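*Asks:* Structure file protein-v4.pdb (PDB, C-alpha atoms) is given on the next line.
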```pdb
ATOM      1  CA  MET A1062      41.219  72.132  82.397
ATOM      2  CA  ASP A1063      44.882  71.133  82.405
ATOM      3  CA  ILE A1064      45.160  68.239  79.937
ATOM      4  CA  SER A1065      48.872  67.590  80.502
ATOM      5  CA  PRO A1066      48.210  64.643  82.899
ATOM      6  CA  LEU A1067      46.171  62.922  80.186
ATOM      7  CA  ILE A1068      48.871  63.561  77.597
ATOM      8  CA  SER A1069      51.424  62.163  80.032
ATOM      9  CA  ARG A1070      49.474  58.893  80.350
ATOM     10  CA  VAL A1071      49.600  58.389  76.594
ATOM     11  CA  ALA A1072      53.259  59.389  76.285
ATOM     12  CA  ARG A1073      54.885  57.048  78.824
ATOM     13  CA  GLY A1074      56.538  54.869  76.238
ATOM     14  CA  LYS A1075      56.144  51.351  74.900
ATOM     15  CA  ASN A1076      55.524  49.629  78.236
ATOM     16  CA  GLY A1077      54.040  52.463  80.248
ATOM     17  CA  SER A1078      51.546  54.176  77.947
ATOM     18  CA  GLN A1079      47.853  53.874  78.693
ATOM     19  CA  ASN A1080      44.722  54.222  76.591
ATOM     20  CA  LEU A1081      42.336  57.042  77.366
ATOM     21  CA  THR A1082      38.633  56.527  77.937
ATOM     22  CA  GLN A1083      36.235  57.818  75.313
ATOM     23  CA  GLN A1084      35.323  60.769  77.523
ATOM     24  CA  GLU A1085      38.974  61.617  78.201
ATOM     25  CA  ALA A1086      39.819  61.413  74.502
ATOM     26  CA  THR A1087      36.976  63.798  73.698
ATOM     27  CA  LEU A1088      38.172  66.249  76.336
ATOM     28  CA  VAL A1089      41.815  66.222  75.228
ATOM     29  CA  PHE A1090      41.181  66.466  71.504
ATOM     30  CA  ASP A1091      38.513  69.152  71.889
ATOM     31  CA  GLN A1092      41.122  71.382  73.503
ATOM     32  CA  LEU A1093      43.848  70.477  71.023
ATOM     33  CA  LEU A1094      41.538  71.298  68.088
ATOM     34  CA  ALA A1095      41.229  74.887  69.278
ATOM     35  CA  VAL A1096      43.039  77.478  67.173
ATOM     36  CA  ASP A1097      44.966  78.684  70.223
ATOM     37  CA  ALA A1098      45.933  75.174  71.406
ATOM     38  CA  ASP A1099      49.427  74.712  72.800
ATOM     39  CA  GLU A1100      51.468  73.557  69.793
ATOM     40  CA  LEU A1101      53.922  71.653  71.975
ATOM     41  CA  GLN A1102      51.089  69.700  73.614
ATOM     42  CA  LEU A1103      49.480  69.043  70.241
ATOM     43  CA  GLY A1104      52.680  67.726  68.668
ATOM     44  CA  ALA A1105      53.525  65.612  71.705
ATOM     45  CA  PHE A1106      50.053  64.077  71.775
ATOM     46  CA  LEU A1107      49.971  63.281  68.060
ATOM     47  CA  ILE A1108      53.350  61.558  68.133
ATOM     48  CA  ALA A1109      52.596  59.733  71.395
ATOM     49  CA  GLN A1110      49.375  58.363  69.911
ATOM     50  CA  ARG A1111      51.221  57.384  66.750
ATOM     51  CA  MET A1112      53.675  55.349  68.811
ATOM     52  CA  LYS A1113      51.061  53.803  71.107
ATOM     53  CA  GLY A1114      48.309  53.279  68.564
ATOM     54  CA  GLU A1115      44.696  54.310  69.016
ATOM     55  CA  CYS A1116      42.009  52.105  70.517
ATOM     56  CA  SER A1117      38.308  52.178  69.615
ATOM     57  CA  ASP A1118      37.358  54.275  72.646
ATOM     58  CA  GLU A1119      39.949  56.887  71.774
ATOM     59  CA  LEU A1120      38.928  57.047  68.119
ATOM     60  CA  ALA A1121      35.290  57.479  69.121
ATOM     61  CA  GLY A1122      36.257  60.246  71.536
ATOM     62  CA  PHE A1123      38.372  62.008  68.916
ATOM     63  CA  VAL A1124      35.460  61.874  66.458
ATOM     64  CA  GLU A1125      33.099  63.305  69.070
ATOM     65  CA  ALA A1126      35.540  66.148  69.691
ATOM     66  CA  ALA A1127      35.871  66.909  65.973
ATOM     67  CA  ARG A1128      32.095  66.944  65.607
ATOM     68  CA  LEU A1129      31.947  69.670  68.260
ATOM     69  CA  HIS A1130      33.981  71.805  65.843
ATOM     70  CA  MET A1131      31.681  71.210  62.837
ATOM     71  CA  ASP A1132      29.043  73.838  62.035
ATOM     72  CA  GLY A1133      25.653  72.211  61.628
ATOM     73  CA  PHE A1134      26.538  68.743  62.861
ATOM     74  CA  GLY A1135      23.545  67.028  64.455
ATOM     75  CA  THR A1136      21.008  69.477  63.066
ATOM     76  CA  THR A1137      21.612  68.701  59.385
ATOM     77  CA  VAL A1138      21.035  65.149  58.201
ATOM     78  CA  ALA A1139      21.207  63.224  54.939
ATOM     79  CA  PRO A1140      18.165  61.859  53.083
ATOM     80  CA  ALA A1141      16.965  58.390  54.057
ATOM     81  CA  GLY A1142      19.198  55.602  52.760
ATOM     82  CA  ALA A1143      22.189  57.867  52.099
ATOM     83  CA  VAL A1144      25.691  56.382  52.095
ATOM     84  CA  ASP A1145      28.723  58.125  53.608
ATOM     85  CA  LEU A1146      31.836  57.690  51.424
ATOM     86  CA  PRO A1147      34.996  59.159  53.015
ATOM     87  CA  CYS A1148      37.876  59.465  50.516
ATOM     88  CA  TYR A1149      41.119  60.558  52.170
ATOM     89  CA  ALA A1150      43.845  58.531  50.455
ATOM     90  CA  GLY A1151      43.855  59.365  46.762
ATOM     91  CA  LYS A1152      45.210  57.026  44.096
ATOM     92  CA  ARG A1153      48.369  56.691  42.045
ATOM     93  CA  ARG A1154      48.273  53.158  40.575
ATOM     94  CA  ALA A1155      44.834  52.668  39.009
ATOM     95  CA  GLY A1156      41.626  54.508  38.187
ATOM     96  CA  HIS A1157      38.907  55.338  40.684
ATOM     97  CA  ALA A1158      36.527  52.436  40.062
ATOM     98  CA  TYR A1159      34.690  53.088  43.339
ATOM     99  CA  LEU A1160      33.617  56.502  42.028
ATOM    100  CA  VAL A1161      32.097  54.810  38.985
ATOM    101  CA  ALA A1162      30.080  52.740  41.455
ATOM    102  CA  ALA A1163      29.131  55.848  43.429
ATOM    103  CA  LEU A1164      27.708  57.543  40.342
ATOM    104  CA  GLN A1165      25.878  54.370  39.322
ATOM    105  CA  ALA A1166      24.463  54.092  42.845
ATOM    106  CA  ARG A1167      23.272  57.696  42.528
ATOM    107  CA  ASP A1168      21.548  56.793  39.259
ATOM    108  CA  ALA A1169      19.882  53.848  41.042
ATOM    109  CA  GLY A1170      18.428  56.159  43.697
ATOM    110  CA  ILE A1171      21.039  55.781  46.455
ATOM    111  CA  PRO A1172      22.232  59.186  47.741
ATOM    112  CA  VAL A1173      26.028  59.268  48.166
ATOM    113  CA  PHE A1174      27.813  61.841  50.322
ATOM    114  CA  VAL A1175      31.516  62.047  49.458
ATOM    115  CA  HIS A1176      34.010  63.926  51.628
ATOM    116  CA  GLY A1177      37.777  64.141  51.551
ATOM    117  CA  VAL A1178      40.607  66.546  50.821
ATOM    118  CA  GLU A1179      40.985  68.518  47.615
ATOM    119  CA  ALA A1180      44.566  67.562  46.779
ATOM    120  CA  ILE A1181      47.178  65.051  47.940
ATOM    121  CA  ASP A1182      50.745  65.325  46.720
ATOM    122  CA  GLY A1183      51.575  62.594  44.211
ATOM    123  CA  ARG A1184      48.010  61.274  44.009
ATOM    124  CA  ILE A1185      44.713  61.930  42.242
ATOM    125  CA  THR A1186      41.935  62.580  44.731
ATOM    126  CA  ALA A1187      38.243  61.784  44.589
ATOM    127  CA  TRP A1188      37.393  65.459  44.208
ATOM    128  CA  GLN A1189      39.687  65.881  41.192
ATOM    129  CA  VAL A1190      37.689  63.137  39.459
ATOM    130  CA  LEU A1191      34.215  64.131  40.659
ATOM    131  CA  ARG A1192      34.790  67.764  39.737
ATOM    132  CA  ASP A1193      35.382  66.799  36.113
ATOM    133  CA  ALA A1194      32.326  64.539  36.258
ATOM    134  CA  GLY A1195      30.130  67.532  37.096
ATOM    135  CA  VAL A1196      29.516  66.691  40.758
ATOM    136  CA  GLN A1197      28.858  69.788  42.853
ATOM    137  CA  ARG A1198      30.925  70.771  45.868
ATOM    138  CA  ALA A1199      29.147  72.047  48.959
ATOM    139  CA  GLY A1200      30.688  74.654  51.221
ATOM    140  CA  SER A1201      28.691  73.707  54.323
ATOM    141  CA  LEU A1202      26.684  70.856  55.779
ATOM    142  CA  VAL A1203      23.422  72.683  55.110
ATOM    143  CA  GLU A1204      24.333  73.127  51.456
ATOM    144  CA  ALA A1205      25.552  69.517  51.278
ATOM    145  CA  ALA A1206      22.223  68.176  52.544
ATOM    146  CA  ASP A1207      20.306  70.301  50.038
ATOM    147  CA  LEU A1208      22.510  69.271  47.098
ATOM    148  CA  LEU A1209      22.421  65.619  48.142
ATOM    149  CA  ALA A1210      18.627  65.681  48.169
ATOM    150  CA  ALA A1211      18.535  67.421  44.778
ATOM    151  CA  ASP A1212      21.392  65.716  42.891
ATOM    152  CA  GLY A1213      21.815  62.376  44.664
ATOM    153  CA  ILE A1214      25.556  62.934  45.135
ATOM    154  CA  VAL A1215      27.661  65.755  46.532
ATOM    155  CA  TYR A1216      31.243  66.378  47.649
ATOM    156  CA  THR A1217      32.354  68.404  50.665
ATOM    157  CA  ASP A1218      35.962  69.065  51.590
ATOM    158  CA  LEU A1219      37.352  68.594  55.092
ATOM    159  CA  ALA A1220      38.581  72.185  54.905
ATOM    160  CA  GLU A1221      34.928  73.294  54.884
ATOM    161  CA  LEU A1222      33.524  70.531  57.084
ATOM    162  CA  CYS A1223      35.930  70.988  59.973
ATOM    163  CA  PRO A1224      38.715  73.546  59.469
ATOM    164  CA  ASP A1225      40.183  72.751  62.885
ATOM    165  CA  LEU A1226      40.602  69.067  62.032
ATOM    166  CA  MET A1227      41.924  69.999  58.587
ATOM    167  CA  ARG A1228      44.633  72.072  60.247
ATOM    168  CA  ILE A1229      45.813  69.015  62.196
ATOM    169  CA  TYR A1230      45.393  66.723  59.182
ATOM    170  CA  GLY A1231      47.713  69.055  57.295
ATOM    171  CA  LEU A1232      50.529  68.723  59.825
ATOM    172  CA  ARG A1233      51.827  65.480  58.316
ATOM    173  CA  PRO A1234      54.730  67.109  56.407
ATOM    174  CA  ARG A1235      55.919  68.777  59.608
ATOM    175  CA  LEU A1236      55.412  65.703  61.792
ATOM    176  CA  GLY A1237      56.983  63.369  59.268
ATOM    177  CA  VAL A1238      54.280  60.722  59.873
ATOM    178  CA  ARG A1239      50.524  60.418  59.482
ATOM    179  CA  SER A1240      48.481  61.166  62.595
ATOM    180  CA  PHE A1241      45.170  59.783  63.814
ATOM    181  CA  ALA A1242      43.464  62.813  62.225
ATOM    182  CA  ASN A1243      43.260  60.763  59.032
ATOM    183  CA  SER A1244      41.231  58.012  60.733
ATOM    184  CA  VAL A1245      39.067  60.552  62.546
ATOM    185  CA  ALA A1246      38.180  62.256  59.262
ATOM    186  CA  ARG A1247      37.082  58.910  57.801
ATOM    187  CA  LEU A1248      34.780  58.237  60.757
ATOM    188  CA  LEU A1249      33.158  61.683  60.918
ATOM    189  CA  ASN A1250      29.995  60.792  58.962
ATOM    190  CA  PRO A1251      29.098  64.511  58.908
ATOM    191  CA  LEU A1252      25.507  64.067  57.692
ATOM    192  CA  ARG A1253      24.803  61.013  59.886
ATOM    193  CA  CYS A1254      24.166  58.795  56.874
ATOM    194  CA  ALA A1255      22.507  55.469  57.644
ATOM    195  CA  GLY A1256      25.382  53.533  56.092
ATOM    196  CA  GLN A1257      29.104  54.097  55.735
ATOM    197  CA  LEU A1258      31.756  52.517  53.508
ATOM    198  CA  ASN A1259      35.202  53.026  54.906
ATOM    199  CA  GLY A1260      38.526  51.926  53.450
ATOM    200  CA  PHE A1261      41.726  51.650  55.453
ATOM    201  CA  PHE A1262      45.313  50.660  54.737
ATOM    202  CA  HIS A1263      46.654  49.044  57.932
ATOM    203  CA  THR A1264      44.909  45.823  59.029
ATOM    204  CA  PRO A1265      44.482  46.528  62.799
ATOM    205  CA  TYR A1266      42.284  49.524  62.005
ATOM    206  CA  ALA A1267      39.486  47.217  60.828
ATOM    207  CA  ASP A1268      38.546  46.324  64.397
ATOM    208  CA  TYR A1269      39.444  49.709  65.879
ATOM    209  CA  MET A1270      37.229  51.590  63.442
ATOM    210  CA  ALA A1271      34.376  49.091  63.683
ATOM    211  CA  GLY A1272      34.484  49.379  67.470
ATOM    212  CA  ALA A1273      34.517  53.169  67.266
ATOM    213  CA  ASN A1274      31.472  53.143  64.989
ATOM    214  CA  THR A1275      29.632  50.974  67.504
ATOM    215  CA  LEU A1276      30.429  53.433  70.293
ATOM    216  CA  LEU A1277      29.328  56.323  68.064
ATOM    217  CA  GLY A1278      25.958  54.713  67.387
ATOM    218  CA  GLN A1279      26.569  54.212  63.671
ATOM    219  CA  ASN A1280      23.681  52.220  62.188
ATOM    220  CA  ARG A1281      25.795  50.117  59.833
ATOM    221  CA  SER A1282      29.186  50.297  58.189
ATOM    222  CA  LEU A1283      31.461  48.197  56.032
ATOM    223  CA  ILE A1284      35.111  48.712  56.942
ATOM    224  CA  PHE A1285      37.672  47.113  54.678
ATOM    225  CA  MET A1286      41.217  47.138  53.403
ATOM    226  CA  GLY A1287      40.677  49.260  50.322
ATOM    227  CA  ALA A1288      42.726  49.800  47.192
ATOM    228  CA  GLU A1289      45.493  52.265  48.122
ATOM    229  CA  GLY A1290      43.523  53.088  51.281
ATOM    230  CA  GLU A1291      40.433  54.350  49.444
ATOM    231  CA  PRO A1292      36.956  52.814  49.930
ATOM    232  CA  GLU A1293      37.351  50.426  46.981
ATOM    233  CA  LEU A1294      37.031  46.663  47.404
ATOM    234  CA  TYR A1295      39.609  44.498  45.680
ATOM    235  CA  ALA A1296      38.591  42.155  42.863
ATOM    236  CA  ASP A1297      41.568  39.817  42.596
ATOM    237  CA  ARG A1298      41.565  38.392  46.118
ATOM    238  CA  GLN A1299      39.817  38.568  49.447
ATOM    239  CA  LYS A1300      41.003  41.283  51.818
ATOM    240  CA  VAL A1301      39.920  42.110  55.370
ATOM    241  CA  VAL A1302      36.246  43.149  55.377
ATOM    242  CA  VAL A1303      34.388  43.889  58.621
ATOM    243  CA  LYS A1304      30.651  44.453  58.903
ATOM    244  CA  GLN A1305      29.391  46.624  61.748
ATOM    245  CA  GLN A1306      25.655  46.727  62.337
ATOM    246  CA  GLY A1307      24.598  48.300  65.604
ATOM    247  CA  ASP A1308      26.709  46.597  68.256
ATOM    248  CA  GLN A1309      27.292  43.486  66.135
ATOM    249  CA  ILE A1310      30.681  43.131  64.402
ATOM    250  CA  SER A1311      31.589  40.268  62.066
ATOM    251  CA  ARG A1312      33.988  39.342  59.270
ATOM    252  CA  ILE A1313      32.697  39.139  55.702
ATOM    253  CA  SER A1314      34.031  37.090  52.823
ATOM    254  CA  PHE A1315      33.147  36.602  49.173
ATOM    255  CA  ALA A1316      34.477  34.516  46.304
ATOM    256  CA  GLU A1317      37.697  35.694  44.686
ATOM    257  CA  ALA A1318      37.305  36.704  41.062
ATOM    258  CA  GLY A1319      40.527  35.096  39.863
ATOM    259  CA  LEU A1320      41.609  38.212  38.004
ATOM    260  CA  LEU A1321      44.956  39.906  37.599
ATOM    261  CA  PRO A1322      46.115  41.566  40.822
ATOM    262  CA  TYR A1323      45.746  45.259  41.519
ATOM    263  CA  PRO A1324      48.517  47.195  39.679
ATOM    264  CA  LYS A1325      51.746  47.781  41.585
ATOM    265  CA  GLU A1326      53.349  50.325  39.284
ATOM    266  CA  VAL A1327      52.746  54.037  39.840
ATOM    267  CA  MET A1328      51.063  55.731  36.889
ATOM    268  CA  ASP A1329      51.744  59.132  35.402
ATOM    269  CA  LEU A1330      49.255  61.331  37.243
ATOM    270  CA  ASN A1331      47.933  63.008  34.097
ATOM    271  CA  LEU A1332      47.245  59.618  32.556
ATOM    272  CA  LEU A1333      45.667  58.371  35.764
ATOM    273  CA  HIS A1334      43.389  61.397  35.890
ATOM    274  CA  LYS A1335      42.308  60.846  32.296
ATOM    275  CA  GLU A1336      41.772  57.125  32.896
ATOM    276  CA  SER A1337      39.560  57.813  35.909
ATOM    277  CA  ILE A1338      37.412  60.231  33.917
ATOM    278  CA  THR A1339      37.203  57.863  30.942
ATOM    279  CA  MET A1340      36.040  55.050  33.247
ATOM    280  CA  LEU A1341      32.960  57.086  34.105
ATOM    281  CA  HIS A1342      31.762  57.055  30.504
ATOM    282  CA  LYS A1343      32.601  53.636  29.061
ATOM    283  CA  PRO A1344      31.593  49.991  29.643
ATOM    284  CA  LEU A1345      34.092  48.336  31.967
ATOM    285  CA  GLU A1346      35.623  44.873  31.723
ATOM    286  CA  GLY A1347      37.697  42.536  33.876
ATOM    287  CA  ARG A1348      38.940  43.775  37.239
ATOM    288  CA  GLU A1349      37.296  47.177  36.989
ATOM    289  CA  ALA A1350      33.880  45.695  36.152
ATOM    290  CA  VAL A1351      34.077  43.320  39.123
ATOM    291  CA  VAL A1352      35.123  46.136  41.467
ATOM    292  CA  VAL A1353      32.179  48.284  40.388
ATOM    293  CA  ALA A1354      29.752  45.379  40.803
ATOM    294  CA  ARG A1355      31.053  44.626  44.317
ATOM    295  CA  MET A1356      31.002  48.270  45.301
ATOM    296  CA  LEU A1357      27.396  48.569  44.122
ATOM    297  CA  GLU A1358      26.505  45.586  46.308
ATOM    298  CA  ALA A1359      28.259  47.249  49.238
ATOM    299  CA  MET A1360      26.499  50.563  48.635
ATOM    300  CA  ASN A1361      23.118  48.872  48.408
ATOM    301  CA  TRP A1362      23.779  47.126  51.734
ATOM    302  CA  ALA A1363      24.949  50.366  53.352
ATOM    303  CA  SER A1364      21.801  52.100  52.104
ATOM    304  CA  SER A1365      19.159  49.441  52.740
ATOM    305  CA  GLY A1366      20.691  46.762  54.976
ATOM    306  CA  GLU A1367      20.008  44.128  52.310
ATOM    307  CA  PHE A1368      22.900  41.651  52.518
ATOM    308  CA  PRO A1369      24.384  40.813  49.095
ATOM    309  CA  ASP A1370      23.877  37.361  47.619
ATOM    310  CA  GLY A1371      27.172  35.504  47.434
ATOM    311  CA  TRP A1372      28.683  37.314  50.431
ATOM    312  CA  ARG A1373      29.273  35.233  53.558
ATOM    313  CA  GLU A1374      29.194  36.334  57.172
ATOM    314  CA  GLU A1375      31.790  34.382  59.117
ATOM    315  CA  GLU A1376      31.005  32.966  62.534
TER     316      GLU A1376
END
```
Could you spell out this file's structure in structure tokens?
*Replies:*
Amino acid sequence: MDISPLISRVARGKNGSQNLTQQEATLVFDQLLAVDADELQLGAFLIAQRMKGECSDELAGFVEAARLHMDGFGTTVAPAGAVDLPCYAGKRRAGHAYLVAALQARDAGIPVFVHGVEAIDGRITAWQVLRDAGVQRAGSLVEAADLLAADGIVYTDLAELCPDLMRIYGLRPRLGVRSFANSVARLLNPLRCAGQLNGFFHTPYADYMAGANTLLGQNRSLIFMGAEGEPELYADRQKVVVKQQGDQISRISFAEAGLLPYPKEVMDLNLLHKESITMLHKPLEGREAVVVARMLEAMNWASSGEFPDGWREEE
């Protein structure tokens, strides 16, 4: 099928561009994910979407298309109560407290499936920390499901999950801007975990991603403005937190901890890496301790549906 008319609808400029339906978005992105896709069409579509902004229907369609390019999707599932933890931002200002929570959740019997990208320039990624913590890396969804059942936590890289999406994700240096591939990767939920914790950086994506998860039939997800874009709740002050459960979407709030704000200064990456590893093996205090406690509450909710005491669902 010729997809140029659909690309044209998206690329008509600020006042003329139109959103695609979920089905149209699936069709377009499925073709653009192909290895032999027209590079001109791909580049034009990515930039046009960047300028227009994605809607929930489009994000859901893009995710459906990416899933068509994943070996084993739909036939390989996570253990009951597993939590999907997509980590695609990396960190450069503070240690990975959310990974401390992930390992503690594992120890408490909550399976955690982590996926992301191996390396990000100028940042320390989740895999770089988990690797040194002894977490195994799976090369396929089948292996990931087996390791998750055996170890309670596993990491899989986007390069192995969906090489076609990884190829588009990796175009950022050439495009000069981030594309929607980043958001699609976060919403993939490759093992169809019951719950998902998803951080974002730009506020409008809270509702877009929650709406996409509803369209995708996600059981429940917590979508929030995370520290540096990773799935890590803030401790110092309330940020945007959206709860999606079936087709119900609501805002969540909790008491602010009154702690020092999240660091603004960029750390030396070697020191940051060491700090993140050290955090895994020592008692935490202050901001880090509160972050881990909140993340454990979030992971328990994502796994069981049990709403945390002290959290409030806004009308």
*Asks:* Selection in question (the file shown): the PyMOL selection byres ((chain A and resi 1336) around 12). Which residues does it include, as a CSV table (one decimal) with C-alpha atoms, in the frame of the given file?
*Replies:*
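Wrote expr.csv, looks like this:
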```csv
chain,number,residue,atom,x,y,z
A,1152,LYS,CA,45.2,57.0,44.1
A,1153,ARG,CA,48.4,56.7,42.0
A,1154,ARG,CA,48.3,53.2,40.6
A,1155,ALA,CA,44.8,52.7,39.0
A,1156,GLY,CA,41.6,54.5,38.2
A,1157,HIS,CA,38.9,55.3,40.7
A,1158,ALA,CA,36.5,52.4,40.1
A,1161,VAL,CA,32.1,54.8,39.0
A,1185,ILE,CA,44.7,61.9,42.2
A,1190,VAL,CA,37.7,63.1,39.5
A,1328,MET,CA,51.1,55.7,36.9
A,1329,ASP,CA,51.7,59.1,35.4
A,1330,LEU,CA,49.3,61.3,37.2
A,1331,ASN,CA,47.9,63.0,34.1
A,1332,LEU,CA,47.2,59.6,32.6
A,1333,LEU,CA,45.7,58.4,35.8
A,1334,HIS,CA,43.4,61.4,35.9
A,1335,LYS,CA,42.3,60.8,32.3
A,1337,SER,CA,39.6,57.8,35.9
A,1338,ILE,CA,37.4,60.2,33.9
A,1339,THR,CA,37.2,57.9,30.9
A,1340,MET,CA,36.0,55.0,33.2
A,1341,LEU,CA,33.0,57.1,34.1
A,1342,HIS,CA,31.8,57.1,30.5
A,1343,LYS,CA,32.6,53.6,29.1
A,1345,LEU,CA,34.1,48.3,32.0
A,1349,GLU,CA,37.3,47.2,37.0
```
*Asks:* How would you write, as a CSV table (one decimal) with C-alpha atoms, in the frame of the given file, the residues chosen by the PyMOL selection byres ((chain A and resi 1261) around 6) on this structure?
*Replies:*
```csv
chain,number,residue,atom,x,y,z
A,1260,GLY,CA,38.5,51.9,53.4
A,1262,PHE,CA,45.3,50.7,54.7
A,1286,MET,CA,41.2,47.1,53.4
A,1287,GLY,CA,40.7,49.3,50.3
A,1290,GLY,CA,43.5,53.1,51.3
```
*Asks:* For a quick check of your reading of the model, name the residues lying within 9 Å of the coordinate (24.1, 50.0, 63.0), counting all atoms listed in the file, and write them as a list in words.
*Replies:*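 Protein and nucleic acid residues near the point are Ala1255, Gly1256, Asn1274, Thr1275, Gly1278, Gln1279, Asn1280, Arg1281, Ser1282, Gln1305, Gln1306, Gly1307, Asp1308 and Gln1309 of chain A.
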*Asks:* Just checking: using only C-alpha atoms, which residue out of A:Ala1359, A:Ala1273, A:Cys1254, A:Arg1373 ends up closest to A:Phe1285?
*Replies:* A:Ala1359
*Asks:* If we count all atoms listed in the file, what is near A:Leu1357 at a cut-off of 9 Å, once residues fewer than 6 positions away on the same chain are taken out, given as a ChimeraX atom specification?
*Replies:* /A:1159,1162-1163,1165-1166
*Asks:* Of the candidates A:Arg1184, A:Lys1113, A:Arg1355, A:Arg1198, which shows the shortest atom-to-atom distance to A:Glu1289, using all atoms listed in the file?
*Replies:*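 Going through A:Arg1184, A:Lys1113, A:Arg1355, A:Arg1198 one by one, the smallest distance to A:Glu1289 is for A:Arg1184.
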*Asks:* Pull out every residue that the PyMOL selection byres ((chain A and resi 1213-1229) around 9) matches in the shown coordinates and put them as an NGL selection string.
*Replies:* :A and (1094-1096 or 1103 or 1127-1128 or 1130-1132 or 1143 or 1163-1164 or 1166-1168 or 1170-1179 or 1187-1188 or 1191-1192 or 1196-1202 or 1205-1206 or 1208-1212 or 1230-1233 or 1240 or 1242 or 1245-1246 or 1251)
*Asks:* Extract, using all atoms listed in the file, all DNA, RNA and protein residues at most 8 Å from A:Val1071, discarding same-chain residues fewer than 6 positions from it, and format them as a PDB file with C-alpha atoms, in the frame of the given file.
*Replies:*
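Output file part_34.pdb is given in full below:
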```
ATOM      1  CA  SER A1078      51.546  54.176  77.947  1.00  0.00           C
ATOM      2  CA  GLN A1079      47.853  53.874  78.693  1.00  0.00           C
ATOM      3  CA  ASN A1080      44.722  54.222  76.591  1.00  0.00           C
ATOM      4  CA  LEU A1081      42.336  57.042  77.366  1.00  0.00           C
ATOM      5  CA  PHE A1106      50.053  64.077  71.775  1.00  0.00           C
ATOM      6  CA  ALA A1109      52.596  59.733  71.395  1.00  0.00           C
ATOM      7  CA  GLN A1110      49.375  58.363  69.911  1.00  0.00           C
ATOM      8  CA  LYS A1113      51.061  53.803  71.107  1.00  0.00           C
TER       9      LYS A1113
END
```
*Asks:* Which residue out of A:Pro1066, A:Pro1147, A:Gly1195, A:Gly1371 has the minimum interatomic distance to A:Glu1085 when only C-alpha atoms are used?
*Replies:*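 When distances to A:Glu1085 are compared using only C-alpha atoms, the smallest one comes from A:Pro1066.
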*Asks:* Which residues come within 10 Å of A:Pro1322, counting all atoms listed in the file, excluding same-chain residues fewer than 3 positions away, as a count of residues only?
*Replies:* 7
*Asks:* Separation of atom CA of A:Ser1069 and atom CA of A:Asp1091, in Å?
*Replies:* 16.8 Å
*Asks:* Skipping near chain neighbours, those fewer than 4 positions away, what residues fall within 7 Å of A:Gln1257 using only C-alpha atoms, listed as a ChimeraX atom specification?
*Replies:* /A:1144-1146,1281-1283,1363
*Asks:* When distances are computed from only C-alpha atoms, which of A:Leu1320, A:Pro1234, A:Gly1142, A:Ile1064 shows the smallest separation from A:Asp1099?
*Replies:*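 Of A:Leu1320, A:Pro1234, A:Gly1142, A:Ile1064, the one nearest A:Asp1099, counting only C-alpha atoms, is A:Ile1064.
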*Asks:* Using atom CA of A:Val1203 and atom CA of A:Gly1133 as the two end points, give the distance in Å to one decimal.
*Replies:*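 Separating atom CA of A:Val1203 from atom CA of A:Gly1133 is a distance of 6.9 Å.
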*Asks:* Rounded to one decimal, what separation in Å do you get between atom CA of A:Met1112 and atom CA of A:Ser1311?
*Replies:*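 These atoms are spaced 27.6 Å apart.
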*Asks:* Determine the nearest neighbour of A:Arg1247 from the options A:Gly1077, A:Pro1292, A:Gly1272, A:Gly1135, counting all atoms listed in the file.
*Replies:*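 For A:Arg1247, the nearest of the candidates is A:Pro1292.
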*Asks:* For stretch 1349-1353 of chain A, take all atoms listed in the file, fit an axis-aligned box around them, add 3 Å to each of the six sides, then output centre and edge lengths in Å rounded to one decimal, as AutoDock Vina command-line options.
*Replies:*
```
--center_x 34.7 --center_y 45.8 --center_z 38.8 --size_x 11.1 --size_y 11.0 --size_z 11.3
```
*Asks:* Restricting the calculation to all atoms listed in the file: of A:Ala1098, A:Leu1276, A:Cys1116, A:Ala1105, which residue gets closest to A:Leu1067?
*Replies:*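 When distances to A:Leu1067 are compared using all atoms listed in the file, the smallest one comes from A:Ala1105.
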*Asks:* Please supply stretch 1331-1338 of chain A, rebuilt with N, CA and C atoms, as a compact mmCIF listing (two decimals), in the frame of the given file.
*Replies:*
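Dumped everything to result.txt:
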```txt
# COMPACT_ATOMS: atom_id res chain seq x y z
N ASN A 1331 48.82 62.50 35.15
CA ASN A 1331 47.93 63.01 34.10
C ASN A 1331 47.19 61.87 33.42
N LEU A 1332 47.89 60.77 33.17
CA LEU A 1332 47.24 59.62 32.56
C LEU A 1332 46.24 58.99 33.50
N LEU A 1333 46.58 58.94 34.78
CA LEU A 1333 45.67 58.37 35.76
C LEU A 1333 44.39 59.19 35.86
N HIS A 1334 44.56 60.52 35.84
CA HIS A 1334 43.39 61.40 35.89
C HIS A 1334 42.48 61.15 34.69
N LYS A 1335 43.09 61.08 33.52
CA LYS A 1335 42.31 60.85 32.30
C LYS A 1335 41.63 59.48 32.33
N GLU A 1336 42.35 58.47 32.82
CA GLU A 1336 41.77 57.12 32.90
C GLU A 1336 40.57 57.11 33.82
N SER A 1337 40.67 57.79 34.95
CA SER A 1337 39.56 57.81 35.91
C SER A 1337 38.33 58.49 35.32
N ILE A 1338 38.54 59.55 34.56
CA ILE A 1338 37.41 60.23 33.92
C ILE A 1338 36.82 59.35 32.81
```
